[in-house]
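Peer 1: Handing you this structure, nothing more for now.
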Amino acid sequence: MEQLSQFAPFLLMFVVIYFFMIRPQQKRAKQEKQFESSLKVGDKIITKSGLHGKVSELGDTTVVVETMSGKLKMERSAISMEMSATLAKK
């Protein structure tokens with residue numbers, strides 16, 4: 001019984017870390033994957049580096065974005081879910 005009381009704080013700390021850090025991070029990663037797979041031609045997007053553009057072609061893991069200076073090919077993961085959602089609301 002004494003051993004259990006020694007490990008209880010560590011167990012409680014792990015549970016708190018799981019629910020406040022690990023679980024939300026997993027949920028966010030799942031949302032980003034869903035966002036990347038739901039992209040379609042014509043969507044206006046903003047990349048994580050701040051480039052604005054419109055999707056012109058889609059590949060399995062890549063996307064061709066049309067910007068004012070031309071077309072750029074980049075990974076789908078480079079597109080910001082939050083900033084693109086804000087742009088879509090405007």
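We name chains A, B, ... following the order of the structure tokens; residues begin at 1 in each chain, and ligands are numbered from 1 as shown.
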Applying 9 Å and only C-alpha atoms, which residues near segment 76-90 of chain A remain after dropping the ones on its own chain fewer than 6 positions away? List them as a JSON list (two decimals) with all heavy atoms, in the first residue's frame.
Peer 2:
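Ended up saving to result.json:
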```json
[["chain", "number", "residue", "atom", "x", "y", "z"],
["A", 31, "GLN", "N", -7.22, 16.67, -37.15],
["A", 31, "GLN", "CA", -7.94, 17.73, -37.86],
["A", 31, "GLN", "C", -7.13, 18.23, -39.04],
["A", 31, "GLN", "O", -7.69, 18.51, -40.10],
["A", 31, "GLN", "CB", -8.25, 18.89, -36.92],
["A", 31, "GLN", "CG", -9.34, 18.61, -35.91],
["A", 31, "GLN", "CD", -9.51, 19.75, -34.93],
["A", 31, "GLN", "OE1", -8.59, 20.50, -34.66],
["A", 31, "GLN", "NE2", -10.70, 19.85, -34.37],
["A", 32, "GLU", "N", -5.82, 18.38, -38.87],
["A", 32, "GLU", "CA", -4.97, 18.86, -39.97],
["A", 32, "GLU", "C", -4.94, 17.85, -41.11],
["A", 32, "GLU", "O", -4.98, 18.24, -42.28],
["A", 32, "GLU", "CB", -3.57, 19.17, -39.47],
["A", 32, "GLU", "CG", -3.53, 20.45, -38.67],
["A", 32, "GLU", "CD", -2.13, 20.99, -38.44],
["A", 32, "GLU", "OE1", -1.21, 20.59, -39.18],
["A", 32, "GLU", "OE2", -1.98, 21.81, -37.54],
["A", 33, "LYS", "N", -4.86, 16.57, -40.81],
["A", 33, "LYS", "CA", -4.89, 15.54, -41.86],
["A", 33, "LYS", "C", -6.22, 15.58, -42.61],
["A", 33, "LYS", "O", -6.25, 15.47, -43.83],
["A", 33, "LYS", "CB", -4.70, 14.14, -41.25],
["A", 33, "LYS", "CG", -3.31, 13.86, -40.80],
["A", 33, "LYS", "CD", -2.43, 13.57, -41.97],
["A", 33, "LYS", "CE", -1.04, 13.18, -41.50],
["A", 33, "LYS", "NZ", -0.08, 13.18, -42.58],
["A", 35, "PHE", "N", -8.14, 18.23, -42.93],
["A", 35, "PHE", "CA", -8.13, 19.46, -43.72],
["A", 35, "PHE", "C", -7.34, 19.27, -45.01],
["A", 35, "PHE", "O", -7.78, 19.65, -46.09],
["A", 35, "PHE", "CB", -7.53, 20.61, -42.90],
["A", 35, "PHE", "CG", -7.24, 21.84, -43.70],
["A", 35, "PHE", "CD1", -8.26, 22.67, -44.11],
["A", 35, "PHE", "CD2", -5.94, 22.16, -44.06],
["A", 35, "PHE", "CE1", -8.00, 23.81, -44.86],
["A", 35, "PHE", "CE2", -5.67, 23.29, -44.81],
["A", 35, "PHE", "CZ", -6.69, 24.12, -45.20],
["A", 36, "GLU", "N", -6.16, 18.63, -44.90],
["A", 36, "GLU", "CA", -5.30, 18.40, -46.07],
["A", 36, "GLU", "C", -6.01, 17.52, -47.09],
["A", 36, "GLU", "O", -5.92, 17.76, -48.29],
["A", 36, "GLU", "CB", -3.99, 17.75, -45.65],
["A", 36, "GLU", "CG", -3.06, 18.66, -44.89],
["A", 36, "GLU", "CD", -1.86, 17.91, -44.32],
["A", 36, "GLU", "OE1", -1.58, 16.79, -44.78],
["A", 36, "GLU", "OE2", -1.22, 18.47, -43.42],
["A", 37, "SER", "N", -6.73, 16.52, -46.63],
["A", 37, "SER", "CA", -7.41, 15.62, -47.57],
["A", 37, "SER", "C", -8.66, 16.25, -48.17],
["A", 37, "SER", "O", -9.13, 15.81, -49.22],
["A", 37, "SER", "CB", -7.75, 14.29, -46.89],
["A", 37, "SER", "OG", -8.68, 14.49, -45.86],
["A", 39, "LEU", "N", -8.88, 19.38, -49.24],
["A", 39, "LEU", "CA", -8.56, 20.46, -50.18],
["A", 39, "LEU", "C", -9.06, 20.11, -51.57],
["A", 39, "LEU", "O", -9.01, 18.95, -51.99],
["A", 39, "LEU", "CB", -7.04, 20.69, -50.24],
["A", 39, "LEU", "CG", -6.42, 21.41, -49.06],
["A", 39, "LEU", "CD1", -4.91, 21.39, -49.19],
["A", 39, "LEU", "CD2", -6.92, 22.82, -48.96],
["A", 43, "ASP", "N", -9.77, 26.25, -54.07],
["A", 43, "ASP", "CA", -9.74, 26.74, -52.68],
["A", 43, "ASP", "C", -8.68, 27.81, -52.53],
["A", 43, "ASP", "O", -7.56, 27.68, -53.03],
["A", 43, "ASP", "CB", -9.41, 25.61, -51.71],
["A", 43, "ASP", "CG", -10.57, 24.66, -51.48],
["A", 43, "ASP", "OD1", -11.69, 24.96, -51.93],
["A", 43, "ASP", "OD2", -10.34, 23.62, -50.83],
["A", 44, "LYS", "N", -9.01, 28.88, -51.83],
["A", 44, "LYS", "CA", -8.03, 29.92, -51.51],
["A", 44, "LYS", "C", -7.36, 29.49, -50.20],
["A", 44, "LYS", "O", -8.03, 29.11, -49.25],
["A", 44, "LYS", "CB", -8.70, 31.28, -51.34],
["A", 44, "LYS", "CG", -9.24, 31.82, -52.64],
["A", 44, "LYS", "CD", -9.84, 33.19, -52.47],
["A", 44, "LYS", "CE", -10.34, 33.71, -53.80],
["A", 44, "LYS", "NZ", -10.96, 35.02, -53.65],
["A", 45, "ILE", "N", -6.03, 29.55, -50.19],
["A", 45, "ILE", "CA", -5.27, 29.07, -49.04],
["A", 45, "ILE", "C", -4.17, 30.05, -48.65],
["A", 45, "ILE", "O", -3.83, 30.95, -49.43],
["A", 45, "ILE", "CB", -4.65, 27.68, -49.31],
["A", 45, "ILE", "CG1", -3.78, 27.68, -50.59],
["A", 45, "ILE", "CG2", -5.72, 26.63, -49.45],
["A", 45, "ILE", "CD1", -2.34, 27.75, -50.31],
["A", 46, "ILE", "N", -3.66, 29.86, -47.44],
["A", 46, "ILE", "CA", -2.48, 30.58, -46.97],
["A", 46, "ILE", "C", -1.53, 29.51, -46.43],
["A", 46, "ILE", "O", -1.94, 28.64, -45.67],
["A", 46, "ILE", "CB", -2.82, 31.58, -45.85],
["A", 46, "ILE", "CG1", -3.84, 32.61, -46.34],
["A", 46, "ILE", "CG2", -1.55, 32.27, -45.35],
["A", 46, "ILE", "CD1", -4.31, 33.56, -45.25],
["A", 47, "THR", "N", -0.27, 29.57, -46.85],
["A", 47, "THR", "CA", 0.70, 28.59, -46.36],
["A", 47, "THR", "C", 1.19, 29.00, -44.97],
["A", 47, "THR", "O", 0.96, 30.13, -44.53],
["A", 47, "THR", "CB", 1.91, 28.49, -47.30],
["A", 47, "THR", "OG1", 2.60, 29.74, -47.30],
["A", 47, "THR", "CG2", 1.48, 28.12, -48.71],
["A", 48, "LYS", "N", 1.88, 28.08, -44.30],
["A", 48, "LYS", "CA", 2.40, 28.37, -42.97],
["A", 48, "LYS", "C", 3.46, 29.45, -43.01],
["A", 48, "LYS", "O", 3.71, 30.12, -42.01],
["A", 48, "LYS", "CB", 2.96, 27.09, -42.35],
["A", 48, "LYS", "CG", 1.87, 26.10, -42.00],
["A", 48, "LYS", "CD", 2.39, 24.83, -41.42],
["A", 48, "LYS", "CE", 1.22, 23.90, -41.13],
["A", 48, "LYS", "NZ", 1.64, 22.58, -40.66],
["A", 49, "SER", "N", 4.07, 29.67, -44.19],
["A", 49, "SER", "CA", 5.07, 30.74, -44.32],
["A", 49, "SER", "C", 4.43, 32.06, -44.73],
["A", 49, "SER", "O", 5.12, 33.06, -44.86],
["A", 49, "SER", "CB", 6.14, 30.34, -45.33],
["A", 49, "SER", "OG", 5.55, 30.14, -46.60],
["A", 50, "GLY", "N", 3.11, 32.07, -44.96],
["A", 50, "GLY", "CA", 2.41, 33.32, -45.23],
["A", 50, "GLY", "C", 2.08, 33.59, -46.68],
["A", 50, "GLY", "O", 1.59, 34.67, -47.01],
["A", 52, "HIS", "N", -0.07, 33.60, -49.98],
["A", 52, "HIS", "CA", -1.48, 33.50, -50.33],
["A", 52, "HIS", "C", -1.59, 32.94, -51.75],
["A", 52, "HIS", "O", -0.80, 33.28, -52.61],
["A", 52, "HIS", "CB", -2.14, 34.88, -50.31],
["A", 52, "HIS", "CG", -2.26, 35.45, -48.94],
["A", 52, "HIS", "ND1", -3.47, 35.73, -48.37],
["A", 52, "HIS", "CD2", -1.32, 35.79, -48.01],
["A", 52, "HIS", "CE1", -3.27, 36.23, -47.16],
["A", 52, "HIS", "NE2", -1.97, 36.27, -46.93],
["A", 58, "LEU", "N", -3.94, 19.16, -57.64],
["A", 58, "LEU", "CA", -3.74, 18.35, -56.45],
["A", 58, "LEU", "C", -3.03, 17.05, -56.80],
["A", 58, "LEU", "O", -3.36, 16.41, -57.79],
["A", 58, "LEU", "CB", -5.08, 18.01, -55.79],
["A", 58, "LEU", "CG", -5.85, 19.16, -55.17],
["A", 58, "LEU", "CD1", -7.26, 18.72, -54.81],
["A", 58, "LEU", "CD2", -5.14, 19.67, -53.94],
["A", 59, "GLY", "N", -2.05, 16.68, -55.99],
["A", 59, "GLY", "CA", -1.39, 15.39, -56.10],
["A", 59, "GLY", "C", -1.67, 14.60, -54.83],
["A", 59, "GLY", "O", -2.46, 15.03, -53.98],
["A", 60, "ASP", "N", -1.04, 13.44, -54.68],
["A", 60, "ASP", "CA", -1.26, 12.64, -53.48],
["A", 60, "ASP", "C", -0.80, 13.38, -52.23],
["A", 60, "ASP", "O", -1.55, 13.49, -51.26],
["A", 60, "ASP", "CB", -0.52, 11.31, -53.59],
["A", 60, "ASP", "CG", -1.14, 10.39, -54.62],
["A", 60, "ASP", "OD1", -2.34, 10.57, -54.94],
["A", 60, "ASP", "OD2", -0.43, 9.50, -55.12],
["A", 61, "THR", "N", 0.42, 13.88, -52.24],
["A", 61, "THR", "CA", 0.94, 14.59, -51.07],
["A", 61, "THR", "C", 1.32, 16.03, -51.39],
["A", 61, "THR", "O", 1.73, 16.77, -50.51],
["A", 61, "THR", "CB", 2.20, 13.88, -50.51],
["A", 61, "THR", "OG1", 3.19, 13.85, -51.53],
["A", 61, "THR", "CG2", 1.87, 12.49, -50.03],
["A", 62, "THR", "N", 1.17, 16.42, -52.65],
["A", 62, "THR", "CA", 1.56, 17.77, -53.06],
["A", 62, "THR", "C", 0.36, 18.54, -53.58],
["A", 62, "THR", "O", -0.69, 17.99, -53.84],
["A", 62, "THR", "CB", 2.63, 17.73, -54.17],
["A", 62, "THR", "OG1", 2.11, 17.02, -55.29],
["A", 62, "THR", "CG2", 3.90, 17.07, -53.67],
["A", 63, "VAL", "N", 0.57, 19.84, -53.74],
["A", 63, "VAL", "CA", -0.45, 20.72, -54.27],
["A", 63, "VAL", "C", 0.25, 21.81, -55.09],
["A", 63, "VAL", "O", 1.35, 22.24, -54.73],
["A", 63, "VAL", "CB", -1.31, 21.32, -53.12],
["A", 63, "VAL", "CG1", -0.48, 22.16, -52.19],
["A", 63, "VAL", "CG2", -2.48, 22.11, -53.63]]
```
Peer 1: Considering only C-alpha atoms, state which residue in the set A:Ala8, A:Gln3, A:Gly53, A:Ser38 is at the smallest distance from Ser69 of chain A.
Peer 2: A:Gly53
Peer 1: Could you give me the residues within chain A that DSSP places in helix (DSSP H, G or I), as a PyMOL selection string?
Peer 2: chain A and resi 2-37+76-78+81-89
